[in-house]
>>> print(open('upload28.cif').read())   # mmCIF, C-alpha atoms
data_model
loop_
_atom_site.group_PDB
_atom_site.id
_atom_site.type_symbol
_atom_site.label_atom_id
_atom_site.label_comp_id
_atom_site.auth_asym_id
_atom_site.auth_seq_id
_atom_site.Cartn_x
_atom_site.Cartn_y
_atom_site.Cartn_z
ATOM 1 C CA MET A 118 15.492 9.973 -13.027
ATOM 2 C CA GLY A 119 15.815 7.697 -16.037
ATOM 3 C CA LYS A 120 13.101 5.788 -17.774
ATOM 4 C CA ALA A 121 14.230 2.448 -16.292
ATOM 5 C CA ASN A 122 14.133 3.878 -12.809
ATOM 6 C CA TRP A 123 10.659 5.239 -13.359
ATOM 7 C CA LEU A 124 9.436 1.892 -14.650
ATOM 8 C CA ARG A 125 10.970 0.138 -11.662
ATOM 9 C CA SER A 126 9.160 2.325 -9.161
ATOM 10 C CA LEU A 127 5.908 1.790 -11.057
ATOM 11 C CA ALA A 128 6.402 -1.988 -10.956
ATOM 12 C CA SER A 129 7.093 -1.881 -7.230
ATOM 13 C CA GLY A 130 3.963 0.205 -6.662
ATOM 14 C CA ILE A 131 1.548 -2.170 -8.383
ATOM 15 C CA PRO A 132 1.611 -4.982 -5.764
ATOM 16 C CA ILE A 133 1.296 -2.394 -2.986
ATOM 17 C CA GLY A 134 -1.744 -0.938 -4.750
ATOM 18 C CA ILE A 135 -3.375 -4.320 -5.303
ATOM 19 C CA SER A 136 -2.813 -5.338 -1.682
ATOM 20 C CA PHE A 137 -4.311 -2.051 -0.509
ATOM 21 C CA VAL A 138 -7.412 -2.433 -2.664
ATOM 22 C CA THR A 139 -7.982 -6.087 -1.685
ATOM 23 C CA SER A 140 -7.505 -5.674 2.034
ATOM 24 C CA VAL A 141 -7.982 -2.048 3.140
ATOM 25 C CA CYS A 142 -10.453 -0.021 1.106
ATOM 26 C CA TYR A 143 -11.485 1.030 -2.374
ATOM 27 C CA ILE A 144 -13.946 3.314 -4.130
ATOM 28 C CA ALA A 145 -16.791 1.878 -6.190
ATOM 29 C CA LYS A 146 -19.585 3.235 -8.316
ATOM 30 C CA VAL A 147 -23.146 2.451 -7.252
ATOM 31 C CA ASN A 148 -25.467 1.403 -10.055
ATOM 32 C CA GLY A 149 -29.203 1.005 -9.856
ATOM 33 C CA VAL A 150 -32.090 2.258 -7.790
ATOM 34 C CA SER A 151 -32.255 -0.394 -5.067
ATOM 35 C CA MET A 152 -30.685 1.819 -2.370
ATOM 36 C CA GLN A 153 -32.714 4.975 -3.005
ATOM 37 C CA PRO A 154 -33.027 7.420 -1.276
ATOM 38 C CA ILE A 155 -29.717 6.919 0.587
ATOM 39 C CA LEU A 156 -27.617 6.194 -2.497
ATOM 40 C CA ASN A 157 -28.356 7.415 -6.026
ATOM 41 C CA PRO A 158 -31.319 9.633 -4.976
ATOM 42 C CA ASP A 159 -31.362 11.083 -8.437
ATOM 43 C CA SER A 160 -31.427 8.235 -10.951
ATOM 44 C CA ALA A 161 -29.539 10.291 -13.527
ATOM 45 C CA THR A 162 -26.267 10.441 -11.593
ATOM 46 C CA CYS A 163 -24.321 7.661 -9.937
ATOM 47 C CA ASP A 164 -22.844 7.896 -6.458
ATOM 48 C CA TYR A 165 -19.356 6.713 -5.599
ATOM 49 C CA VAL A 166 -18.881 5.132 -2.185
ATOM 50 C CA LEU A 167 -15.852 4.260 -0.104
ATOM 51 C CA LEU A 168 -15.931 0.529 0.655
ATOM 52 C CA ASN A 169 -13.974 -0.453 3.719
ATOM 53 C CA ARG A 170 -12.710 -4.040 3.546
ATOM 54 C CA TRP A 171 -10.684 -3.823 6.729
ATOM 55 C CA ALA A 172 -13.843 -3.234 8.803
ATOM 56 C CA VAL A 173 -15.340 -6.602 7.823
ATOM 57 C CA ARG A 174 -12.154 -8.723 7.913
ATOM 58 C CA ASP A 175 -13.627 -10.731 10.840
ATOM 59 C CA PHE A 176 -17.165 -10.646 9.408
ATOM 60 C CA HIS A 177 -18.394 -8.563 12.343
ATOM 61 C CA VAL A 178 -21.363 -6.641 10.989
ATOM 62 C CA GLN A 179 -24.239 -4.895 12.707
ATOM 63 C CA ARG A 180 -27.856 -4.365 11.805
ATOM 64 C CA GLY A 181 -28.102 -1.191 9.754
ATOM 65 C CA ASP A 182 -24.661 -1.421 8.144
ATOM 66 C CA ILE A 183 -24.543 -0.908 4.391
ATOM 67 C CA VAL A 184 -22.420 -3.691 2.934
ATOM 68 C CA ALA A 185 -21.102 -4.804 -0.434
ATOM 69 C CA LEU A 186 -21.467 -8.507 -1.165
ATOM 70 C CA VAL A 187 -21.045 -11.025 -3.937
ATOM 71 C CA SER A 188 -24.430 -11.832 -5.418
ATOM 72 C CA PRO A 189 -25.523 -15.374 -4.515
ATOM 73 C CA ARG A 190 -27.159 -15.685 -7.942
ATOM 74 C CA ASN A 191 -24.233 -14.426 -9.988
ATOM 75 C CA PRO A 192 -20.698 -14.652 -8.547
ATOM 76 C CA ASP A 193 -19.458 -11.946 -10.943
ATOM 77 C CA ALA A 194 -21.902 -9.310 -9.703
ATOM 78 C CA CYS A 195 -21.508 -7.172 -6.609
ATOM 79 C CA LEU A 196 -24.548 -5.962 -4.661
ATOM 80 C CA ILE A 197 -24.836 -3.142 -2.144
ATOM 81 C CA LYS A 198 -27.520 -3.636 0.516
ATOM 82 C CA ARG A 199 -28.358 -2.938 4.141
ATOM 83 C CA ILE A 200 -28.173 -5.578 6.880
ATOM 84 C CA ILE A 201 -31.576 -6.078 8.468
ATOM 85 C CA GLY A 202 -31.106 -9.202 10.552
ATOM 86 C CA LEU A 203 -28.297 -11.320 11.958
ATOM 87 C CA GLU A 204 -28.239 -14.970 13.043
ATOM 88 C CA GLY A 205 -31.112 -15.915 15.342
ATOM 89 C CA ASP A 206 -33.364 -13.019 14.283
ATOM 90 C CA VAL A 207 -36.892 -13.813 13.148
ATOM 91 C CA ILE A 208 -37.851 -11.860 10.033
ATOM 92 C CA LYS A 209 -41.182 -11.325 8.295
ATOM 93 C CA PRO A 210 -40.339 -11.245 4.573
ATOM 94 C CA LYS A 211 -41.932 -8.495 2.520
ATOM 95 C CA SER A 212 -43.288 -10.945 -0.026
ATOM 96 C CA GLN A 213 -46.751 -12.079 1.037
ATOM 97 C CA SER A 214 -46.343 -15.755 0.237
ATOM 98 C CA GLN A 215 -43.791 -16.481 2.951
ATOM 99 C CA SER A 216 -44.292 -16.828 6.688
ATOM 100 C CA TYR A 217 -41.698 -15.851 9.322
ATOM 101 C CA VAL A 218 -38.097 -16.880 8.649
ATOM 102 C CA GLU A 219 -35.408 -17.450 11.266
ATOM 103 C CA VAL A 220 -31.934 -16.411 10.112
ATOM 104 C CA PRO A 221 -29.622 -19.477 10.555
ATOM 105 C CA LYS A 222 -26.181 -19.437 12.173
ATOM 106 C CA GLY A 223 -23.557 -17.689 10.018
ATOM 107 C CA PHE A 224 -26.179 -16.061 7.796
ATOM 108 C CA CYS A 225 -27.703 -12.572 7.620
ATOM 109 C CA TRP A 226 -30.782 -10.938 6.113
ATOM 110 C CA ILE A 227 -30.150 -8.091 3.682
ATOM 111 C CA GLU A 228 -32.563 -5.667 2.029
ATOM 112 C CA GLY A 229 -32.358 -2.678 -0.270
ATOM 113 C CA GLU A 230 -33.823 0.651 0.827
ATOM 114 C CA ASN A 231 -36.152 0.787 -2.141
ATOM 115 C CA HIS A 232 -38.267 -2.278 -1.372
ATOM 116 C CA SER A 233 -40.225 -2.308 -4.572
ATOM 117 C CA GLN A 234 -37.146 -2.456 -6.793
ATOM 118 C CA SER A 235 -34.538 -4.437 -4.957
ATOM 119 C CA MET A 236 -33.158 -7.911 -5.453
ATOM 120 C CA ASP A 237 -32.517 -8.897 -1.851
ATOM 121 C CA SER A 238 -33.188 -11.498 0.850
ATOM 122 C CA ASN A 239 -36.931 -11.199 0.178
ATOM 123 C CA PHE A 240 -36.102 -12.859 -3.118
ATOM 124 C CA PHE A 241 -33.234 -15.270 -2.375
ATOM 125 C CA GLY A 242 -33.516 -15.723 1.398
ATOM 126 C CA PRO A 243 -30.817 -15.261 4.038
ATOM 127 C CA ILE A 244 -27.236 -15.129 2.702
ATOM 128 C CA PRO A 245 -24.001 -16.523 4.217
ATOM 129 C CA LEU A 246 -21.813 -13.885 5.926
ATOM 130 C CA GLY A 247 -18.880 -15.173 3.867
ATOM 131 C CA LEU A 248 -20.287 -13.384 0.800
ATOM 132 C CA ILE A 249 -19.811 -9.960 2.408
ATOM 133 C CA THR A 250 -16.730 -8.234 1.006
ATOM 134 C CA ALA A 251 -16.825 -4.688 2.390
ATOM 135 C CA LYS A 252 -18.747 -2.108 4.375
ATOM 136 C CA ALA A 253 -19.761 1.212 2.824
ATOM 137 C CA THR A 254 -18.678 3.998 5.149
ATOM 138 C CA HIS A 255 -18.697 7.228 3.103
ATOM 139 C CA ILE A 256 -20.177 8.756 0.007
ATOM 140 C CA VAL A 257 -17.262 10.401 -1.799
ATOM 141 C CA TRP A 258 -18.796 11.640 -5.050
ATOM 142 C CA PRO A 259 -20.643 13.851 -6.045
ATOM 143 C CA LEU A 260 -18.826 16.257 -3.738
ATOM 144 C CA SER A 261 -22.018 18.091 -2.798
ATOM 145 C CA ARG A 262 -23.294 14.891 -1.153
ATOM 146 C CA ALA A 263 -19.956 13.701 0.264
ATOM 147 C CA CYS A 264 -20.626 12.495 3.787
ATOM 148 C CA ARG A 265 -20.245 9.695 6.270
ATOM 149 C CA LEU A 266 -22.957 7.009 6.328
ATOM 150 C CA MET A 267 -24.278 6.649 9.886
ATOM 151 C CA PHE A 268 -26.921 4.460 11.455
ATOM 152 C CA GLN A 269 -28.554 6.005 14.518
ATOM 153 C CA ASN A 270 -31.919 5.664 16.246
ATOM 154 C CA ASN A 271 -33.103 3.084 13.727
ATOM 155 C CA LYS A 272 -32.587 5.556 10.928
ATOM 156 C CA LEU A 273 -29.865 5.739 8.370
ATOM 157 C CA SER A 274 -28.484 9.226 8.034
ATOM 158 C CA CYS A 275 -25.811 10.906 6.052
ATOM 159 C CA LYS A 276 -23.697 13.087 8.334
ATOM 160 C CA ASN A 277 -21.933 15.954 6.714
ATOM 161 C CA GLU A 278 -18.606 15.927 8.423
ATOM 162 C CA THR A 279 -15.023 15.832 7.399
ATOM 163 C CA PHE A 280 -13.505 12.402 7.188
ATOM 164 C CA MET B 141 24.903 10.426 10.666
ATOM 165 C CA ILE B 142 21.366 10.223 12.071
ATOM 166 C CA ARG B 143 19.922 11.264 8.743
ATOM 167 C CA LYS B 144 21.853 8.497 7.015
ATOM 168 C CA PHE B 145 20.599 5.985 9.570
ATOM 169 C CA LEU B 146 16.977 7.145 9.107
ATOM 170 C CA ALA B 147 17.249 6.942 5.334
ATOM 171 C CA LYS B 148 18.539 3.397 5.597
ATOM 172 C CA GLY B 149 15.764 2.464 8.050
ATOM 173 C CA PHE B 150 13.173 3.907 5.695
ATOM 174 C CA GLY B 151 14.665 1.991 2.771
ATOM 175 C CA VAL B 152 14.569 -1.306 4.655
ATOM 176 C CA GLY B 153 10.994 -0.629 5.848
ATOM 177 C CA PHE B 154 9.854 0.096 2.311
ATOM 178 C CA CYS B 155 11.490 -3.119 1.092
ATOM 179 C CA ILE B 156 9.658 -5.157 3.749
ATOM 180 C CA VAL B 157 6.325 -3.560 2.807
ATOM 181 C CA GLN B 158 6.996 -4.106 -0.890
ATOM 182 C CA TYR B 159 7.901 -7.800 -0.577
ATOM 183 C CA GLY B 160 5.073 -8.306 1.934
ATOM 184 C CA CYS B 161 2.626 -6.921 -0.623
ATOM 185 C CA ILE B 162 4.042 -9.095 -3.411
ATOM 186 C CA ALA B 163 3.633 -12.168 -1.184
ATOM 187 C CA HIS B 164 0.105 -11.058 -0.207
ATOM 188 C CA CYS B 165 -0.908 -10.598 -3.850
ATOM 189 C CA PHE B 166 0.477 -14.036 -4.722
ATOM 190 C CA VAL B 167 -1.389 -15.755 -1.881
ATOM 191 C CA GLU B 168 -4.638 -13.842 -2.523
ATOM 192 C CA HIS B 169 -4.809 -14.041 -6.306
ATOM 193 C CA ILE B 170 -2.548 -16.800 -7.610
ATOM 194 C CA ALA B 171 -1.933 -19.769 -5.345
ATOM 195 C CA GLU B 172 -1.424 -20.798 -1.740
ATOM 196 C CA MET B 173 -0.682 -23.798 0.426
ATOM 197 C CA VAL B 174 -3.473 -25.248 2.532
ATOM 198 C CA ILE B 175 -3.233 -27.719 5.404
ATOM 199 C CA CYS B 176 -6.308 -29.927 5.436
ATOM 200 C CA SER B 177 -7.855 -31.372 8.548
ATOM 201 C CA GLY B 178 -10.770 -33.685 9.056
ATOM 202 C CA PRO B 179 -11.906 -36.930 7.491
ATOM 203 C CA SER B 180 -14.509 -35.664 4.989
ATOM 204 C CA MET B 181 -12.324 -36.013 1.856
ATOM 205 C CA GLU B 182 -10.814 -39.454 2.586
ATOM 206 C CA PRO B 183 -9.496 -41.377 0.653
ATOM 207 C CA THR B 184 -8.453 -38.500 -1.670
ATOM 208 C CA ILE B 185 -7.090 -36.180 1.005
ATOM 209 C CA TYR B 186 -6.215 -37.251 4.542
ATOM 210 C CA SER B 187 -5.970 -35.103 7.631
ATOM 211 C CA ASP B 188 -2.781 -32.962 7.802
ATOM 212 C CA ASP B 189 -2.045 -33.298 4.083
ATOM 213 C CA ILE B 190 -0.717 -30.101 2.492
ATOM 214 C CA ILE B 191 -2.227 -29.143 -0.861
ATOM 215 C CA ILE B 192 -1.689 -26.266 -3.287
ATOM 216 C CA SER B 193 -4.820 -24.341 -4.179
ATOM 217 C CA GLU B 194 -4.962 -21.923 -7.105
ATOM 218 C CA HIS B 195 -7.266 -18.887 -7.374
ATOM 219 C CA ILE B 196 -7.136 -18.198 -11.098
ATOM 220 C CA THR B 197 -9.802 -20.520 -12.537
ATOM 221 C CA THR B 198 -12.225 -19.637 -9.731
ATOM 222 C CA LYS B 199 -11.871 -15.924 -10.593
ATOM 223 C CA PHE B 200 -13.394 -16.673 -13.989
ATOM 224 C CA SER B 201 -16.158 -18.800 -12.397
ATOM 225 C CA LYS B 202 -15.246 -21.869 -14.404
ATOM 226 C CA TYR B 203 -16.463 -24.737 -12.294
ATOM 227 C CA GLU B 204 -16.466 -28.320 -13.443
ATOM 228 C CA ARG B 205 -17.915 -31.424 -11.905
ATOM 229 C CA GLY B 206 -15.187 -33.370 -10.128
ATOM 230 C CA ASP B 207 -13.017 -30.385 -9.141
ATOM 231 C CA VAL B 208 -11.961 -30.225 -5.508
ATOM 232 C CA VAL B 209 -12.511 -26.702 -4.169
ATOM 233 C CA ILE B 210 -11.636 -24.776 -1.008
ATOM 234 C CA LEU B 211 -14.483 -22.570 0.179
ATOM 235 C CA ARG B 212 -15.720 -20.608 3.162
ATOM 236 C CA SER B 213 -18.183 -22.584 5.246
ATOM 237 C CA PRO B 214 -21.700 -21.186 4.736
ATOM 238 C CA SER B 215 -22.417 -21.463 8.458
ATOM 239 C CA ASN B 216 -19.096 -20.053 9.719
ATOM 240 C CA PRO B 217 -17.319 -17.517 7.468
ATOM 241 C CA LYS B 218 -13.994 -17.947 9.308
ATOM 242 C CA MET B 219 -13.773 -21.663 8.573
ATOM 243 C CA PHE B 220 -12.711 -23.161 5.247
ATOM 244 C CA LEU B 221 -13.989 -26.429 3.811
ATOM 245 C CA CYS B 222 -12.568 -28.714 1.159
ATOM 246 C CA LYS B 223 -15.151 -30.567 -0.961
ATOM 247 C CA ARG B 224 -15.704 -31.990 -4.404
ATOM 248 C CA ILE B 225 -18.089 -30.354 -6.912
ATOM 249 C CA ILE B 226 -20.868 -32.802 -7.766
ATOM 250 C CA GLY B 227 -23.308 -30.475 -9.496
ATOM 251 C CA ILE B 228 -23.139 -27.176 -11.374
ATOM 252 C CA PRO B 229 -26.134 -24.859 -12.078
ATOM 253 C CA GLY B 230 -28.971 -26.672 -13.816
ATOM 254 C CA ASP B 231 -27.956 -30.163 -12.670
ATOM 255 C CA LYS B 232 -30.529 -32.454 -11.144
ATOM 256 C CA ILE B 233 -29.304 -33.946 -7.870
ATOM 257 C CA LYS B 234 -30.890 -37.009 -6.326
ATOM 258 C CA ILE B 235 -31.422 -36.439 -2.594
ATOM 259 C CA ASN B 236 -33.192 -39.724 -1.844
ATOM 260 C CA SER B 237 -35.194 -42.266 -3.811
ATOM 261 C CA ILE B 238 -38.138 -39.884 -4.302
ATOM 262 C CA GLN B 239 -36.827 -36.300 -4.097
ATOM 263 C CA HIS B 240 -34.690 -34.384 -6.561
ATOM 264 C CA SER B 241 -33.138 -30.963 -6.251
ATOM 265 C CA ILE B 242 -32.036 -28.679 -9.085
ATOM 266 C CA VAL B 243 -28.893 -26.623 -8.490
ATOM 267 C CA PRO B 244 -29.908 -22.927 -8.838
ATOM 268 C CA ARG B 245 -28.040 -20.296 -10.841
ATOM 269 C CA GLY B 246 -24.759 -19.155 -9.285
ATOM 270 C CA HIS B 247 -24.601 -22.117 -6.920
ATOM 271 C CA ILE B 248 -22.747 -25.440 -6.809
ATOM 272 C CA TRP B 249 -23.530 -28.767 -5.167
ATOM 273 C CA LEU B 250 -20.659 -30.092 -3.030
ATOM 274 C CA GLU B 251 -20.010 -33.440 -1.421
ATOM 275 C CA GLY B 252 -17.075 -34.938 0.466
ATOM 276 C CA ASP B 253 -15.514 -38.120 -0.878
ATOM 277 C CA ASN B 254 -16.131 -39.812 2.449
ATOM 278 C CA LYS B 255 -19.905 -39.976 2.049
ATOM 279 C CA ASN B 256 -20.545 -41.442 5.492
ATOM 280 C CA ASN B 257 -18.558 -38.835 7.394
ATOM 281 C CA SER B 258 -19.011 -35.498 5.651
ATOM 282 C CA THR B 259 -21.190 -32.461 6.301
ATOM 283 C CA ASP B 260 -21.895 -31.107 2.831
ATOM 284 C CA SER B 261 -24.636 -29.987 0.441
ATOM 285 C CA ARG B 262 -26.716 -32.984 1.509
ATOM 286 C CA SER B 263 -27.207 -31.202 4.842
ATOM 287 C CA TYR B 264 -26.990 -27.479 3.934
ATOM 288 C CA GLY B 265 -28.069 -27.488 0.297
ATOM 289 C CA PRO B 266 -26.415 -25.824 -2.713
ATOM 290 C CA VAL B 267 -23.688 -23.262 -1.910
ATOM 291 C CA PRO B 268 -23.238 -19.834 -3.610
ATOM 292 C CA GLN B 269 -20.192 -19.765 -5.891
ATOM 293 C CA GLY B 270 -19.097 -16.525 -4.239
ATOM 294 C CA LEU B 271 -17.913 -18.527 -1.219
ATOM 295 C CA VAL B 272 -15.362 -20.509 -3.232
ATOM 296 C CA ARG B 273 -11.791 -19.385 -2.604
ATOM 297 C CA GLY B 274 -9.694 -21.743 -4.678
ATOM 298 C CA ARG B 275 -9.363 -25.012 -6.535
ATOM 299 C CA ALA B 276 -7.118 -27.778 -5.232
ATOM 300 C CA LEU B 277 -4.321 -28.376 -7.725
ATOM 301 C CA CYS B 278 -1.969 -30.947 -6.219
ATOM 302 C CA ARG B 279 -0.877 -32.510 -2.998
ATOM 303 C CA ILE B 280 2.708 -31.769 -1.933
ATOM 304 C CA TRP B 281 2.834 -33.429 1.487
ATOM 305 C CA PRO B 282 3.349 -36.225 2.528
ATOM 306 C CA LEU B 283 6.199 -36.585 0.057
ATOM 307 C CA ASN B 284 5.474 -40.204 -0.850
ATOM 308 C CA SER B 285 2.012 -39.367 -2.164
ATOM 309 C CA ILE B 286 2.593 -36.251 -4.258
ATOM 310 C CA GLN B 287 -0.072 -36.192 -6.940
ATOM 311 C CA MET B 288 -2.292 -33.942 -9.035
ATOM 312 C CA LEU B 289 -5.850 -33.569 -7.804
ATOM 313 C CA THR B 290 -7.443 -32.200 -10.954
#
>>> encode(input="upload28.cif", output="structure tokens")
Amino acid sequence: MGKANWLRSLASGIPIGISFVTSVCYIAKVNGVSMQPILNPDSATCDYVLLNRWAVRDFHVQRGDIVALVSPRNPDACLIKRIIGLEGDVIKPKSQSQSYVEVPKGFCWIEGENHSQSMDSNFFGPIPLGLITAKATHIVWPLSRACRLMFQNNKLSCKNETF
Amino acid sequence: MIRKFLAKGFGVGFCIVQYGCIAHCFVEHIAEMVICSGPSMEPTIYSDDIIISEHITTKFSKYERGDVVILRSPSNPKMFLCKRIIGIPGDKIKINSIQHSIVPRGHIWLEGDNKNNSTDSRSYGPVPQGLVRGRALCRIWPLNSIQMLT
């Protein structure tokens, strides 16, 4: 195989790769402490999660799902949070100053696991579903914690099973 | 014979996937055609006009007052809207004769050109920039009114 041939197959692979990453799934590094203890339990190391874009192509999400979204405050930043409430739900925000909030149509209420150190809906209110880009389904790195992220009986668990 | 046939089938399949992905990348990241419907942007854009929207400037979050943008509706993520940017973060927007609103960080204030018949930021407030999909570049249909929109 000559050099030109090799280059040609590389060039043909790039659009396939980009399409895959923008519409099927990709792996991302989780920074910060807002999702402790589920993600990044040990602040020294960073977890890598598999973000499934295909699962949220119709914006069907459920309470308890961990999702990646574009920050409403900074369009260049990506947040990873858990969905607490969907449209029509009445939520009592954690901050004391606010009374009950009803989540409007097409919006959702998201919170981090680590309430004291999380920039979430308690701070900026309900967010439009259109900001959600992907759903986190697995932890892939470090290998010792590789597992599938499950939500059962009102509790988020990490199931150690092959995926 | 069968092996030859299979190899050819595989080759054709790969070609379809490859060109499909190139087209997908172009539509997702560079530019696409949009058919507009509804009266909210009259007299700039009429119903059933076809416009070209580009995704490059919005990737770098460069928003300017006066740009026409295509964005996901805040109340229905499957619907797209076409509005004009009136305010960028920090701008003071006059809601009525007494009240003012300041556009928060990472948001934009949008209004339709047809002020009397448009559901826009005056009813749902500032919109996060993350919902913006593209910026309208030019109109290509109907043919007798081809023009730049920037």
>>> closest_residue(input="upload28.cif", among="A:Val187, A:Phe224, A:Gly130, A:Ser238", to="Val272 of chain B", atoms="only C-alpha atoms")
A:Val187
>>> interface_residues(input="upload28.cif", of="chain A", to="chain B", cutoff="8 Å", atoms="only C-alpha atoms", output="VMD selection string")
chain A and resid 129 to 130 132 to 133 135 to 136 175 to 176 187 to 193 221 to 224 245 to 248
>>> residues_around(input="upload28.cif", residues="Tyr217 of chain A", least_positions_apart="3", cutoff="12 Å", atoms="only C-alpha atoms", output="PyMOL selection string")
chain A and resi 206-214+220+239+242
>>> residues_around(input="upload28.cif", residues="Ser187 of chain B", least_positions_apart="6", cutoff="6 Å", atoms="all atoms listed in the file", output="list in words")
Cys176, Ser177 and Gly178 of chain B
>>> atom_distance(input="upload28.cif", atom1="atom CA of Glu251 of chain B", atom2="atom CA of Phe240 of chain A")
26.2 Å
>>> residues_around(input="upload28.cif", residues="Arg170 of chain A", least_positions_apart="3", cutoff="7 Å", atoms="all atoms listed in the file", output="PyMOL selection string")
chain A and resi 140-142+173-174+250-252
>>> residues_near_point(input="upload28.cif", point="(-12.9, 1.6, -3.5)", cutoff="6 Å", atoms="all atoms listed in the file", output="ChimeraX atom specification")
/A:142-145,167-168
>>> atom_distance(input="upload28.cif", atom1="atom CA of Phe154 of chain B", atom2="atom CA of Thr139 of chain A")
19.3 Å
>>> residues_around(input="upload28.cif", residues="segment 231-237 of chain B", least_positions_apart="3", cutoff="12 Å", atoms="only C-alpha atoms", output="list of chain:residue names")
B:Glu204, B:Arg205, B:Ile225, B:Ile226, B:Gly227, B:Ile228, B:His240, B:Ser241, B:Ile242, B:Val243, B:Pro244, B:Arg245, B:Gly246, B:His247, B:Ile248, B:Trp249, B:Leu250, B:Glu251, B:Ser261, B:Arg262, B:Ser263, B:Tyr264, B:Gly265, B:Pro266
>>> atom_distance(input="upload28.cif", atom1="atom CA of Ile156 of chain B", atom2="atom CA of Met173 of chain B")
21.6 Å
>>> closest_residue(input="upload28.cif", among="B:Ile238, B:Leu221, B:Ile190, B:Leu146", to="Ile280 of chain B", atoms="all atoms listed in the file")
B:Ile190
>>> resolve_selection(input="upload28.cif", expression="the PyMOL selection byres ((chain B and resi 185) around 12)", output="compact mmCIF listing (two decimals) with C-alpha atoms, in the coordinates of the input")
# COMPACT_ATOMS: atom_id res chain seq x y z
CA VAL B 174 -3.47 -25.25 2.53
CA ILE B 175 -3.23 -27.72 5.40
CA CYS B 176 -6.31 -29.93 5.44
CA SER B 177 -7.86 -31.37 8.55
CA GLY B 178 -10.77 -33.68 9.06
CA PRO B 179 -11.91 -36.93 7.49
CA SER B 180 -14.51 -35.66 4.99
CA MET B 181 -12.32 -36.01 1.86
CA GLU B 182 -10.81 -39.45 2.59
CA PRO B 183 -9.50 -41.38 0.65
CA THR B 184 -8.45 -38.50 -1.67
CA TYR B 186 -6.22 -37.25 4.54
CA SER B 187 -5.97 -35.10 7.63
CA ASP B 188 -2.78 -32.96 7.80
CA ASP B 189 -2.04 -33.30 4.08
CA ILE B 190 -0.72 -30.10 2.49
CA ILE B 191 -2.23 -29.14 -0.86
CA VAL B 208 -11.96 -30.22 -5.51
CA CYS B 222 -12.57 -28.71 1.16
CA LYS B 223 -15.15 -30.57 -0.96
CA ARG B 224 -15.70 -31.99 -4.40
CA GLY B 252 -17.08 -34.94 0.47
CA ASP B 253 -15.51 -38.12 -0.88
CA ASN B 254 -16.13 -39.81 2.45
CA ALA B 276 -7.12 -27.78 -5.23
CA CYS B 278 -1.97 -30.95 -6.22
CA ARG B 279 -0.88 -32.51 -3.00
CA ILE B 280 2.71 -31.77 -1.93
CA TRP B 281 2.83 -33.43 1.49
CA PRO B 282 3.35 -36.22 2.53
CA SER B 285 2.01 -39.37 -2.16
CA ILE B 286 2.59 -36.25 -4.26
CA GLN B 287 -0.07 -36.19 -6.94
CA MET B 288 -2.29 -33.94 -9.04
CA LEU B 289 -5.85 -33.57 -7.80
>>> closest_residue(input="upload28.cif", among="A:His232, A:His255, A:Arg125, A:Arg265", to="Lys198 of chain A", atoms="all atoms listed in the file")
A:His232
>>> residues_around(input="upload28.cif", residues="Glu230 of chain A", least_positions_apart="4", cutoff="9 Å", atoms="only C-alpha atoms", output="number ranges by chain")
A: 150-156, 198-199, 234-235
>>> axis_aligned_box(input="upload28.cif", around="segment 150-164 of chain B", padding_each_side="3 Å", output="AutoDock Vina command-line options")
--center_x 7.4 --center_y -4.1 --center_z 1.2 --size_x 20.6 --size_y 22.1 --size_z 15.3
>>> decode(input="upload28.cif", residues="segment 243-250 of chain A", atoms="N, CA, C and O atoms", output="PDB file, in the first residue's frame")
ATOM      1  N   PRO A 243     -34.758  26.286  35.847  1.00  0.00           N
ATOM      2  CA  PRO A 243     -34.945  25.198  34.878  1.00  0.00           C
ATOM      3  C   PRO A 243     -34.269  25.512  33.548  1.00  0.00           C
ATOM      4  O   PRO A 243     -34.135  26.675  33.179  1.00  0.00           O
ATOM      5  N   ILE A 244     -33.816  24.497  32.837  1.00  0.00           N
ATOM      6  CA  ILE A 244     -33.114  24.718  31.555  1.00  0.00           C
ATOM      7  C   ILE A 244     -33.901  24.080  30.397  1.00  0.00           C
ATOM      8  O   ILE A 244     -34.575  23.078  30.598  1.00  0.00           O
ATOM      9  N   PRO A 245     -33.819  24.680  29.198  1.00  0.00           N
ATOM     10  CA  PRO A 245     -34.526  24.095  28.045  1.00  0.00           C
ATOM     11  C   PRO A 245     -33.933  22.732  27.685  1.00  0.00           C
ATOM     12  O   PRO A 245     -32.717  22.538  27.740  1.00  0.00           O
ATOM     13  N   LEU A 246     -34.796  21.783  27.304  1.00  0.00           N
ATOM     14  CA  LEU A 246     -34.325  20.443  26.906  1.00  0.00           C
ATOM     15  C   LEU A 246     -33.379  20.506  25.716  1.00  0.00           C
ATOM     16  O   LEU A 246     -32.529  19.646  25.553  1.00  0.00           O
ATOM     17  N   GLY A 247     -33.522  21.540  24.890  1.00  0.00           N
ATOM     18  CA  GLY A 247     -32.678  21.671  23.700  1.00  0.00           C
ATOM     19  C   GLY A 247     -31.197  21.793  24.014  1.00  0.00           C
ATOM     20  O   GLY A 247     -30.364  21.605  23.136  1.00  0.00           O
ATOM     21  N   LEU A 248     -30.843  22.114  25.267  1.00  0.00           N
ATOM     22  CA  LEU A 248     -29.427  22.236  25.621  1.00  0.00           C
ATOM     23  C   LEU A 248     -28.781  20.879  25.884  1.00  0.00           C
ATOM     24  O   LEU A 248     -27.561  20.769  25.952  1.00  0.00           O
ATOM     25  N   ILE A 249     -29.616  19.835  26.051  1.00  0.00           N
ATOM     26  CA  ILE A 249     -29.055  18.515  26.361  1.00  0.00           C
ATOM     27  C   ILE A 249     -28.416  17.929  25.111  1.00  0.00           C
ATOM     28  O   ILE A 249     -29.016  17.899  24.047  1.00  0.00           O
ATOM     29  N   THR A 250     -27.172  17.472  25.234  1.00  0.00           N
ATOM     30  CA  THR A 250     -26.479  16.938  24.055  1.00  0.00           C
ATOM     31  C   THR A 250     -26.300  15.425  24.123  1.00  0.00           C
ATOM     32  O   THR A 250     -26.212  14.788  23.081  1.00  0.00           O
TER      33      THR A 250
END
